[in-house]
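Chemist: There's a structure below that I have some questions on.
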Amino acid sequence: MDQDTTTDNVMSQADRNSESSRLVSPNATTRPSYLNILSNLLSLIFVGIITYCSFLNGITLFSFHPPLMAIGWLIIMTSAINAITPGDLATEWMPIRLRSARHWVLQLFGAILIAAGFLVIMSNKIINNKPHFGTLHAKFGLSSLIFMVGTMLGGIGALYSLKLKHYLPPIYTKLIHASVGLVTFSLGIATISCGLFSDWFAAKGEILQYTALVMVILVLLFTILRPSLKVYFRLRERLDNVN
Ligand code: HEM
């Protein structure tokens with residue numbers, strides 16, 4: 001049996017159809033979510049606190065690591081996820097193609113900031129002759145970065161999912177990208193949370209530590225709630241179609 005025939009058997013016509021392969025509805029039928037705005041507000045306050053603490057005792061190379069990471073992960077990446085989340089107040093009016101473009105452009109911009117934040121901390125450690133990836137924060141951080149690269153490669157697959165339809169139905173390419181993306185985002189939040197318990201931030205006091213922790217956990221919940229439900233319902237719909 002040649003490969004095309006085998007793949008044809010596995011894929012249903014509906015799975016190959018570009019319309020049924022959409023993860024995000026082209027129509028603005030979902031009620032707007034004010035949670036996204038609340039989440040953006042919390043992220044802004046968090047970035048303000050982190051930036052203030054980073055530069056409080058003067059400017060060093062390290063000072064740039066927390067703000068760059070917080071802006072990249074909490075502001076840019078959340079906005080990128082929100083852009084393709086049903087009910088996002090800021091982008092719901094946009095045509096789906098524009099939202100999709102906004103998603104990947106923001107994601108690319110966020111990745112550049114995050115890569116810069118990574119270079120900063122790596123250089124800082126090399127200059128000060130300190131060991132690498134020794135703390136839980138550093139280990140989670142490295143994993144988040146590896147997952148981020150994987151998610152971005154998957155994003156290219158999702159962007160060209162119709163061209164890949166002979167290998168994998170577009171809906172699955174997109175579902176895999178969305179699921180890995182949600183794991184990546186959660187890993188980043190775990191990394192930031194561990195960073196809040198580093199010796200550097202612990203010195204700022206417990207109240208600030210726990211307030212900041214609650215903020216990032218809320219940003220996580222508000223950001224991944226709708227996309228996770230979207231992935232879950234689309235997957236269940238697909239599996240129901242198969243059975
Ligand atoms: C998702 C965002 C972040 C990522 C991916 C990340 C990643 C990393 C990595 C990989 C290292 C270790 C580098 C090495 O060992 O050579 C590191 C160090 C560090 N980061 Fe972050 N970071 C993030 C956000 C933050 C934030 C928001 C803070 C402050 C609250 C912070 C504070 C620190 C501190 C104090 C160190 C040095 C001590 C240590 O290695 O744990 N980071 N970060």
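Residue numbers start at 1 in each chain; chains themselves are named A, B, ... in the order of the structure tokens; ligands are numbered from 1 in the order shown.
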Using only C-alpha atoms, which residues sit within 12 Å of A:Leu119 once same-chain residues fewer than 5 positions away are excluded, as an NGL selection string?

Modeler: :A and (61-62 or 64-65 or 68-69 or 112-114 or 124-127 or 142 or 145)

Chemist: Store the residues picked out above in a file with N, CA and C atoms, as a PDB file, in the first residue's frame.

Modeler:
ATOM      1  N   LEU A  61      24.518  44.787  35.060  1.00  0.00           N
ATOM      2  CA  LEU A  61      24.077  43.943  33.933  1.00  0.00           C
ATOM      3  C   LEU A  61      22.859  43.125  34.363  1.00  0.00           C
ATOM      4  N   PHE A  62      22.891  42.599  35.601  1.00  0.00           N
ATOM      5  CA  PHE A  62      21.777  41.779  36.099  1.00  0.00           C
ATOM      6  C   PHE A  62      20.447  42.535  36.077  1.00  0.00           C
ATOM      7  N   PHE A  64      18.925  44.122  34.079  1.00  0.00           N
ATOM      8  CA  PHE A  64      18.094  44.012  32.871  1.00  0.00           C
ATOM      9  C   PHE A  64      17.406  42.650  32.732  1.00  0.00           C
ATOM     10  N   HIS A  65      17.903  41.635  33.470  1.00  0.00           N
ATOM     11  CA  HIS A  65      17.334  40.281  33.306  1.00  0.00           C
ATOM     12  C   HIS A  65      15.859  40.201  33.735  1.00  0.00           C
ATOM     13  N   LEU A  68      13.409  42.385  31.415  1.00  0.00           N
ATOM     14  CA  LEU A  68      13.283  41.879  30.029  1.00  0.00           C
ATOM     15  C   LEU A  68      12.429  40.615  29.992  1.00  0.00           C
ATOM     16  N   MET A  69      12.668  39.716  30.967  1.00  0.00           N
ATOM     17  CA  MET A  69      11.915  38.459  31.019  1.00  0.00           C
ATOM     18  C   MET A  69      10.443  38.721  31.344  1.00  0.00           C
ATOM     19  N   ILE A 112      12.433  37.745  21.114  1.00  0.00           N
ATOM     20  CA  ILE A 112      13.672  38.542  21.002  1.00  0.00           C
ATOM     21  C   ILE A 112      14.018  39.147  22.377  1.00  0.00           C
ATOM     22  N   LEU A 113      12.980  39.679  23.077  1.00  0.00           N
ATOM     23  CA  LEU A 113      13.222  40.249  24.411  1.00  0.00           C
ATOM     24  C   LEU A 113      13.715  39.166  25.379  1.00  0.00           C
ATOM     25  N   ILE A 114      13.084  37.993  25.289  1.00  0.00           N
ATOM     26  CA  ILE A 114      13.437  36.894  26.194  1.00  0.00           C
ATOM     27  C   ILE A 114      14.861  36.395  25.903  1.00  0.00           C
ATOM     28  N   ASN A 124      26.256  37.729  32.620  1.00  0.00           N
ATOM     29  CA  ASN A 124      26.477  38.145  34.001  1.00  0.00           C
ATOM     30  C   ASN A 124      27.140  37.025  34.806  1.00  0.00           C
ATOM     31  N   LYS A 125      26.651  35.794  34.573  1.00  0.00           N
ATOM     32  CA  LYS A 125      27.216  34.663  35.316  1.00  0.00           C
ATOM     33  C   LYS A 125      28.633  34.355  34.852  1.00  0.00           C
ATOM     34  N   ILE A 126      28.868  34.469  33.537  1.00  0.00           N
ATOM     35  CA  ILE A 126      30.216  34.187  33.009  1.00  0.00           C
ATOM     36  C   ILE A 126      31.201  35.224  33.558  1.00  0.00           C
ATOM     37  N   ILE A 127      30.791  36.511  33.510  1.00  0.00           N
ATOM     38  CA  ILE A 127      31.678  37.588  33.991  1.00  0.00           C
ATOM     39  C   ILE A 127      32.015  37.388  35.476  1.00  0.00           C
ATOM     40  N   LEU A 142      15.702  27.362  31.795  1.00  0.00           N
ATOM     41  CA  LEU A 142      16.286  26.728  30.611  1.00  0.00           C
ATOM     42  C   LEU A 142      15.216  25.880  29.894  1.00  0.00           C
ATOM     43  N   LEU A 145      12.864  28.043  27.952  1.00  0.00           N
ATOM     44  CA  LEU A 145      13.444  28.558  26.707  1.00  0.00           C
ATOM     45  C   LEU A 145      13.452  27.472  25.621  1.00  0.00           C
TER      46      LEU A 145
END

Chemist: Please produce, as JSON lines, a per-residue contact table for stretch 63-162 of chain A versus stretch 197-216 of chain A (criterion: any atom at most 9 Å away, only C-alpha atoms considered), showing the nearest atom pair and its distance in Å to one decimal, sorted by chain then residue number.

Modeler:
{"residue": "A:Leu74", "atom": "CA", "partner": "A:Val216", "partner_atom": "CA", "distance": 8.1}
{"residue": "A:Thr135", "atom": "CA", "partner": "A:Ser198", "partner_atom": "CA", "distance": 8.6}
{"residue": "A:His137", "atom": "CA", "partner": "A:Ser198", "partner_atom": "CA", "distance": 7.7}

Chemist: Under the rule that only C-alpha atoms are counted, which of A:Ser100, A:Gln107, A:Asn57, A:Ser186 is the nearest residue to A:Ile76?

Modeler: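 Smallest separation from A:Ile76 among the options: A:Gln107.
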
Chemist: Run DSSP on the backbone and grab whatever in stretch 2-235 of chain A lands in alpha helix (DSSP H); send it over as a ChimeraX atom specification.

Modeler: /A:3-10,13-16,35-55,65-70,78-83,96-127,136-159,170-195,199-202,206-235

Chemist: What does the distance between atom CA of A:Ser43 and atom CA of A:Phe109 come to in Å, to one decimal place?

Modeler: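 Distance between the two atoms: 16.9 Å.
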
Chemist: For ligand 1, which residue among A:Leu182, A:Leu225, A:Ala111, A:Ile171 is the nearest when counting only C-alpha atoms and all ligand atoms?

Modeler: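 Nearest candidate to ligand 1 out of A:Leu182, A:Leu225, A:Ala111, A:Ile171: A:Ala111.
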
Chemist: For atom CA of A:Ala83 and atom CA of A:Ser144, quote the distance in Å rounded to one decimal.

Modeler: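 Atom CA of A:Ser144 lies 21.1 Å from atom CA of A:Ala83.
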
Chemist: Hey, can you check how far atom CA of A:Phe118 sits from atom CA of A:Leu220?

Modeler: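 A separation of 21.2 Å between them.
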
Chemist: Do you know which residues are at most 10 Å from A:Ile37 counting only C-alpha atoms, after dropping those on the same chain fewer than 2 positions away, and could you put them as number ranges by chain?

Modeler: A: 33-35, 39-43, 79, 82, 88-90, 222

Chemist: Excluding A:Ala158 and residues on its chain fewer than 3 positions from it, collect all residues at most 6 Å away from it, counting only C-alpha atoms, and give them as a list in words.

Modeler: Gly155, Ser161, Thr173 and Lys174 of chain A

Chemist: Using only C-alpha atoms and all ligand atoms, can you tell me which of A:Ala80, A:Val180, A:Leu196, A:Ile71 comes closest to ligand 1?

Modeler: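 The closest residue to ligand 1 is A:Leu196.
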
Chemist: Which residues come within 7 Å of A:Ile84, counting only C-alpha atoms, excluding same-chain residues fewer than 2 positions away, as a PyMOL selection string?

Modeler: chain A and resi 24+81-82+86+99-100+103

Chemist: Write the residues you've just listed into a file as a PDB file, in the first residue's frame, and include C-alpha atoms for each of them.

Modeler:
ATOM      1  CA  VAL A  24     -10.299  30.186  16.355  1.00  0.00           C
ATOM      2  CA  ILE A  81      -1.993  34.425  23.293  1.00  0.00           C
ATOM      3  CA  ASN A  82      -4.941  36.785  23.860  1.00  0.00           C
ATOM      4  CA  PRO A  86     -12.033  33.854  21.782  1.00  0.00           C
ATOM      5  CA  ARG A  99      -5.304  38.326  14.683  1.00  0.00           C
ATOM      6  CA  SER A 100      -3.162  35.435  13.561  1.00  0.00           C
ATOM      7  CA  HIS A 103      -0.147  36.585  17.335  1.00  0.00           C
TER       8      HIS A 103
END

Chemist: Pick from A:Thr91, A:Asn36, A:Asn241, A:Asn129: nearest to ligand 1, with only C-alpha atoms and all ligand atoms counted?

Modeler: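 Result for the nearest residue to ligand 1: A:Asn129.
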
Chemist: Extract, using only C-alpha atoms, all DNA, RNA and protein residues at most 10 Å from A:Val183, discarding same-chain residues fewer than 6 positions from it, and format them as a PyMOL selection string.

Modeler: chain A and resi 144+147-148+151+189+224

Chemist: So, counting only C-alpha atoms and all ligand atoms, which residue among A:Pro227, A:Gly157, A:Pro66, A:Pro95 is closest to ligand 1?

Modeler: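 Counting only C-alpha atoms and all ligand atoms, the residue closest to ligand 1 is A:Pro66.
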
Chemist: Here is a test: counting only C-alpha atoms and all ligand atoms, which residue of A:Ile176, A:Val120, A:Leu168, A:Met152 is nearest to ligand 1?

Modeler: A:Val120
